[in-house]
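Written below as structure tokens is the structure these notes are about.
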Amino acid sequence: MDETATVPVLLASLFDQPFTYALPEGAAPQPGALVAAPLGSRLLAGAVWPGECDSVDPAKLKSIAEILPLPPLDEKLVSFVNWVADYTLVPRGQVLRMVLRGIDSFEPEAPVMAYRETGALPERMTPAREKVLAAAQGGLAWPKSALAKEAQVTASVIDGLVAAGALEAIEVPPPPALTRPHPDHEPPTLSSEQQTVAEKLRALPGAGFSVCLLDGVTGSGKTEVYFEAVAEAVAQGRSVLILLPEIALTGQFLDRFEARFGERPGEWHSQVSPKKRARIWRALMEGKGGVIVGARSALFLPFRDLGLIVVDEEHDAAYKQEEQAIYHARDMAVVRARIEGVPVILSSATPSVESRANCELGRYTRLELPERFGEARRPDIRAVDLRVDPPEPGRFLSQPAVEALAAAVQRGEQGLLFLNRRGYAPLTLCRRCGFRFDCPNCTAWLVEHRFRGELVCHHCGHRHRVPKHCPSCDAEDSLVACGPGVERIAEEVAERFPGLRYTILSSDMAPGIRFLREKLAAIERGEVDLSSSARRSSPRATIFPA
């Protein structure tokens, strides 16, 4: 009797070692092949993992339920998963889960139903049907929703024309999830200094692993310069990964990318819809690469032909993942670049201490852009000593700050206020007995969020409504807010500048990336005169700078 064929399978769950599974009859999956395998009563996604199988009684073996219809994981990606797991002391299965993150279905994408004219006319013609047939002229196939929108009719009109034989439904392949940028679409005009740095960066793709720190002051054109390295990688037919620290930054960045390359890159972060993420993930698995702009999770995407990694704002603390698998995306980007044998560019106006030290040790190459591009000047910066110029009693903005804002408003300009405190006030106490509201779980002071009437712990998330009486002495109307948060600063702005438009940008008040981008676009158009924003240094919170 033949022995049962077995393979080691690493499940995308909290397991550090693969389990031994029996193979279905006639199956011979390669290492890295994605499978569905039973664990108890559940089916989990996993991958055939390199290594030897354990000695298991054949009677106790479970069989792989399905070999998923996808190419196997690249050998370099498997090595990256192992390296990250060993370095961060995270189970391998949990790292594999990050590779498969956000993919609910591994089935091939269904074709799109489209409709085109047949040349026949319906027996009964109506004005609505005439509009549809006029829009469908030329033999093009239209999705139902697009055709209905173009003709300004309801979808039922199209269904009626299909039933009458005037339109026919056909299956067309879905549009590509990723498009190849055009490296020569709109080359920038670079200064001689930028051109010198750009030539050095253009030489990186195809030359193997290296790390380059692009150190340039704000406004020096770092993005335009490293775009030249991106253009070279794209011209070589390679994929590119560009990491950004905050998803709030991606909107303006995508516009700049499209202006330079004529196509928008793929976008990867938590606010992208699951369906779109699945399409991008599958396109990369199938080798249909392009350029991906994303948050730190994009580092684990299954690139097949990666040619360059760029870490923008490499110093930013948002690259630190502090939940579940703990890692620093900048450092792991360098590791993945080394395993893939491709260059990585770290870009920053204020490089991290680690990157500076690696340059001094000769591990990284440092390229500098010390001057702003063109006629741009550095802003005048002045520190205000609040001991010399204290705020007015009951206020929080110093007089020099108020005068500077008033002058900006008179010139028709905009102002921006940063404060590292969300909510209305960081502390609420009773003026009669001195009782302070703290969190019952972690003893941190509760922060008042007046716009929603809650006291919130920013450490554990505990929250409750603001009471009308002191819970200690039962005094009514004795609770007082101490200190400023962004809501309180906005309140002061409204009092000092009546009738002036302003907005608050904070993670508490931004329900989604679309809302945030609309706010940022309004600021860019000048529709908001004065902006107040919270920006925290903690990487645990996603805060949106205005």
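Chain lettering (A, B, ...) mirrors the order of the structure tokens, residue numbering begins at 1 for each chain separately, and ligand numbering begins at 1 in order of display.
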Exercise for the section: Would you kindly return, as an NGL selection string, each protein, DNA or RNA residue with an atom no farther than 12 Å from any atom of Pro390 of chain A, considering only C-alpha atoms and excluding same-chain residues fewer than 6 positions away? Expected result: :A and (384 or 396-402)
Suppose we keep C-alpha atoms; can you now write the selection as a PDB file, in the first residue's frame?
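After the write, part03.pdb holds the following:
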```
ATOM      1  CA  VAL A 384       6.638  82.975  21.951  1.00  0.00           C
ATOM      2  CA  PHE A 396      -5.299  80.117  25.548  1.00  0.00           C
ATOM      3  CA  LEU A 397      -3.918  81.937  22.489  1.00  0.00           C
ATOM      4  CA  SER A 398      -1.093  84.380  23.217  1.00  0.00           C
ATOM      5  CA  GLN A 399      -1.385  87.964  22.015  1.00  0.00           C
ATOM      6  CA  PRO A 400       1.461  87.639  19.433  1.00  0.00           C
ATOM      7  CA  ALA A 401      -0.285  84.569  17.965  1.00  0.00           C
ATOM      8  CA  VAL A 402      -3.621  86.393  17.802  1.00  0.00           C
TER       9      VAL A 402
END
```
Residues near segment 118-125 of chain A, cut-off 6 Å, only C-alpha atoms, skip fewer than 2 positions along chain, as a JSON list (two decimals) with C-alpha atoms, in the first residue's frame:
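That gives us part.json:
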```
[["chain", "number", "residue", "atom", "x", "y", "z"],
["A", 164, "ALA", "CA", -37.19, 43.42, -26.93],
["A", 166, "ALA", "CA", -32.59, 45.79, -29.20],
["A", 167, "LEU", "CA", -29.76, 45.27, -26.71]]
```
Fill in the blank from the handout: Taken to one decimal, the atom CA of Gly46 of chain A-atom CA of Phe19 of chain A distance is 10.1 Å
Problem - Shell of 8 Å around segment 302-307 of chain A, only C-alpha atoms, local chain residues under 6 positions omitted, as a ChimeraX atom specification - result: /A:73-74,77,99,205-206,233,238-241,281,284-287,289,340,342-343
Selected residues, C-alpha atoms, written as a PDB file, in the first residue's frame, please.
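This is the output file selection04.pdb:
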```
ATOM      1  CA  LEU A  73       3.832  32.757  -2.958  1.00  0.00           C
ATOM      2  CA  ASP A  74       7.194  33.916  -4.217  1.00  0.00           C
ATOM      3  CA  LEU A  77       8.212  36.599   0.140  1.00  0.00           C
ATOM      4  CA  VAL A  99       0.355  38.839   3.633  1.00  0.00           C
ATOM      5  CA  PRO A 205      16.924  50.390 -10.159  1.00  0.00           C
ATOM      6  CA  GLY A 206      18.479  47.272 -11.619  1.00  0.00           C
ATOM      7  CA  ALA A 233      12.035  51.232 -12.440  1.00  0.00           C
ATOM      8  CA  ARG A 238       9.377  46.547 -12.612  1.00  0.00           C
ATOM      9  CA  SER A 239       6.880  47.265  -9.820  1.00  0.00           C
ATOM     10  CA  VAL A 240       7.402  49.993  -7.228  1.00  0.00           C
ATOM     11  CA  LEU A 241       6.224  50.305  -3.628  1.00  0.00           C
ATOM     12  CA  TRP A 281      -3.775  41.801  -4.267  1.00  0.00           C
ATOM     13  CA  LEU A 284       0.102  41.469  -7.854  1.00  0.00           C
ATOM     14  CA  MET A 285      -0.098  37.705  -7.223  1.00  0.00           C
ATOM     15  CA  GLU A 286      -0.602  37.143 -10.938  1.00  0.00           C
ATOM     16  CA  GLY A 287       2.390  39.311 -11.837  1.00  0.00           C
ATOM     17  CA  GLY A 289       2.408  44.768 -11.309  1.00  0.00           C
ATOM     18  CA  GLU A 340      14.387  41.077  -3.034  1.00  0.00           C
ATOM     19  CA  VAL A 342      16.368  45.911  -4.960  1.00  0.00           C
ATOM     20  CA  PRO A 343      17.208  49.464  -3.828  1.00  0.00           C
TER      21      PRO A 343
END
```
Problem - Using only C-alpha atoms: which of A:Leu39, A:Val48, A:Cys439, A:Cys430 has the shortest distance to Leu479 of chain A - result: A:Cys430
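Taking atom CA of Leu140 of chain A as the reference point, atom CA of His182 of chain A is found at 26.1 Å.
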Handout entry: Which of segment 212-306 of chain A fall in alpha helix (DSSP H), as JSON, numbers by chain
Key = {"A": [222, 223, 224, 225, 226, 227, 228, 229, 230, 231, 232, 233, 234, 235, 250, 251, 252, 253, 254, 255, 256, 257, 258, 259, 260, 261, 274, 275, 276, 277, 278, 279, 280, 281, 282, 283, 284, 285]}
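Here atom CA of Ala59 of chain A and atom CA of Ala36 of chain A stand 20.1 Å from one another.
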Handout entry: Nearby residues (only C-alpha atoms) at most 10 Å from Leu429 of chain A, same-chain spacing under 2 positions excluded, as an MDAnalysis selection string
Key = chainID A and resid 427 431:438 445:446 470 478:482
Serialized selection, C-alpha atoms, as a JSON list (two decimals), in the first residue's frame:
```
[["chain", "number", "residue", "atom", "x", "y", "z"],
["A", 427, "LEU", "CA", -9.20, 67.36, 32.61],
["A", 431, "ARG", "CA", -14.83, 73.30, 41.66],
["A", 432, "ARG", "CA", -16.61, 72.59, 44.96],
["A", 433, "CYS", "CA", -14.93, 69.38, 46.23],
["A", 434, "GLY", "CA", -12.00, 69.03, 43.83],
["A", 435, "PHE", "CA", -13.12, 65.65, 42.42],
["A", 436, "ARG", "CA", -11.31, 64.73, 39.19],
["A", 437, "PHE", "CA", -12.76, 62.41, 36.58],
["A", 438, "ASP", "CA", -10.40, 59.53, 35.91],
["A", 445, "TRP", "CA", -7.67, 61.54, 33.36],
["A", 446, "LEU", "CA", -10.80, 61.51, 31.22],
["A", 470, "CYS", "CA", -20.58, 65.87, 40.67],
["A", 478, "SER", "CA", -19.91, 72.67, 39.53],
["A", 479, "LEU", "CA", -17.92, 70.83, 36.86],
["A", 480, "VAL", "CA", -15.23, 72.84, 35.13],
["A", 481, "ALA", "CA", -13.04, 71.99, 32.15],
["A", 482, "CYS", "CA", -9.32, 72.56, 32.71]]
```
Handout entry: Which of segment 185-285 of chain A fall in strand (DSSP E), as a ChimeraX atom specification
Key = /A:210-216,239-243,266-268
Could you dump the residues just selected with N, CA and C atoms as a PDB file, in the first residue's frame?
```pdb
ATOM      1  N   SER A 210      20.561  48.331  -2.264  1.00  0.00           N
ATOM      2  CA  SER A 210      21.274  49.455  -1.669  1.00  0.00           C
ATOM      3  C   SER A 210      20.252  50.282  -0.897  1.00  0.00           C
ATOM      4  N   VAL A 211      20.744  51.081   0.042  1.00  0.00           N
ATOM      5  CA  VAL A 211      19.873  51.979   0.801  1.00  0.00           C
ATOM      6  C   VAL A 211      20.392  53.388   0.628  1.00  0.00           C
ATOM      7  N   CYS A 212      19.508  54.290   0.219  1.00  0.00           N
ATOM      8  CA  CYS A 212      19.883  55.683  -0.017  1.00  0.00           C
ATOM      9  C   CYS A 212      18.992  56.576   0.839  1.00  0.00           C
ATOM     10  N   LEU A 213      19.592  57.440   1.639  1.00  0.00           N
ATOM     11  CA  LEU A 213      18.854  58.430   2.417  1.00  0.00           C
ATOM     12  C   LEU A 213      18.820  59.733   1.632  1.00  0.00           C
ATOM     13  N   LEU A 214      17.618  60.144   1.221  1.00  0.00           N
ATOM     14  CA  LEU A 214      17.426  61.408   0.511  1.00  0.00           C
ATOM     15  C   LEU A 214      17.065  62.463   1.548  1.00  0.00           C
ATOM     16  N   ASP A 215      18.038  63.271   1.924  1.00  0.00           N
ATOM     17  CA  ASP A 215      17.895  64.256   2.987  1.00  0.00           C
ATOM     18  C   ASP A 215      17.756  65.633   2.348  1.00  0.00           C
ATOM     19  N   GLY A 216      16.541  66.167   2.372  1.00  0.00           N
ATOM     20  CA  GLY A 216      16.304  67.468   1.752  1.00  0.00           C
ATOM     21  C   GLY A 216      15.380  68.325   2.582  1.00  0.00           C
ATOM     22  N   SER A 239       7.856  46.653 -10.716  1.00  0.00           N
ATOM     23  CA  SER A 239       6.880  47.265  -9.820  1.00  0.00           C
ATOM     24  C   SER A 239       7.595  48.129  -8.793  1.00  0.00           C
ATOM     25  N   VAL A 240       6.847  49.070  -8.221  1.00  0.00           N
ATOM     26  CA  VAL A 240       7.402  49.993  -7.228  1.00  0.00           C
ATOM     27  C   VAL A 240       6.444  50.082  -6.047  1.00  0.00           C
ATOM     28  N   LEU A 241       7.001  50.106  -4.852  1.00  0.00           N
ATOM     29  CA  LEU A 241       6.224  50.305  -3.628  1.00  0.00           C
ATOM     30  C   LEU A 241       6.657  51.627  -3.005  1.00  0.00           C
ATOM     31  N   ILE A 242       5.686  52.527  -2.787  1.00  0.00           N
ATOM     32  CA  ILE A 242       5.937  53.801  -2.120  1.00  0.00           C
ATOM     33  C   ILE A 242       5.130  53.808  -0.831  1.00  0.00           C
ATOM     34  N   LEU A 243       5.809  53.885   0.305  1.00  0.00           N
ATOM     35  CA  LEU A 243       5.156  53.902   1.604  1.00  0.00           C
ATOM     36  C   LEU A 243       4.991  55.337   2.079  1.00  0.00           C
ATOM     37  N   GLY A 266      -1.840  52.288  -7.724  1.00  0.00           N
ATOM     38  CA  GLY A 266      -2.712  51.544  -6.839  1.00  0.00           C
ATOM     39  C   GLY A 266      -2.619  52.102  -5.433  1.00  0.00           C
ATOM     40  N   GLU A 267      -3.733  52.096  -4.730  1.00  0.00           N
ATOM     41  CA  GLU A 267      -3.802  52.666  -3.387  1.00  0.00           C
ATOM     42  C   GLU A 267      -4.092  51.545  -2.388  1.00  0.00           C
ATOM     43  N   TRP A 268      -3.319  51.492  -1.299  1.00  0.00           N
ATOM     44  CA  TRP A 268      -3.483  50.390  -0.342  1.00  0.00           C
ATOM     45  C   TRP A 268      -3.408  50.914   1.090  1.00  0.00           C
TER      46      TRP A 268
END
```
Practice task
Considering only C-alpha atoms, state which residue in the set A:Thr218, A:Arg129, A:Ala235, A:Ala151 is at the smallest distance from Asp184 of chain A.
Solution key: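 Between A:Thr218, A:Arg129, A:Ala235, A:Ala151, the residue approaching Asp184 of chain A most closely is A:Ala235.
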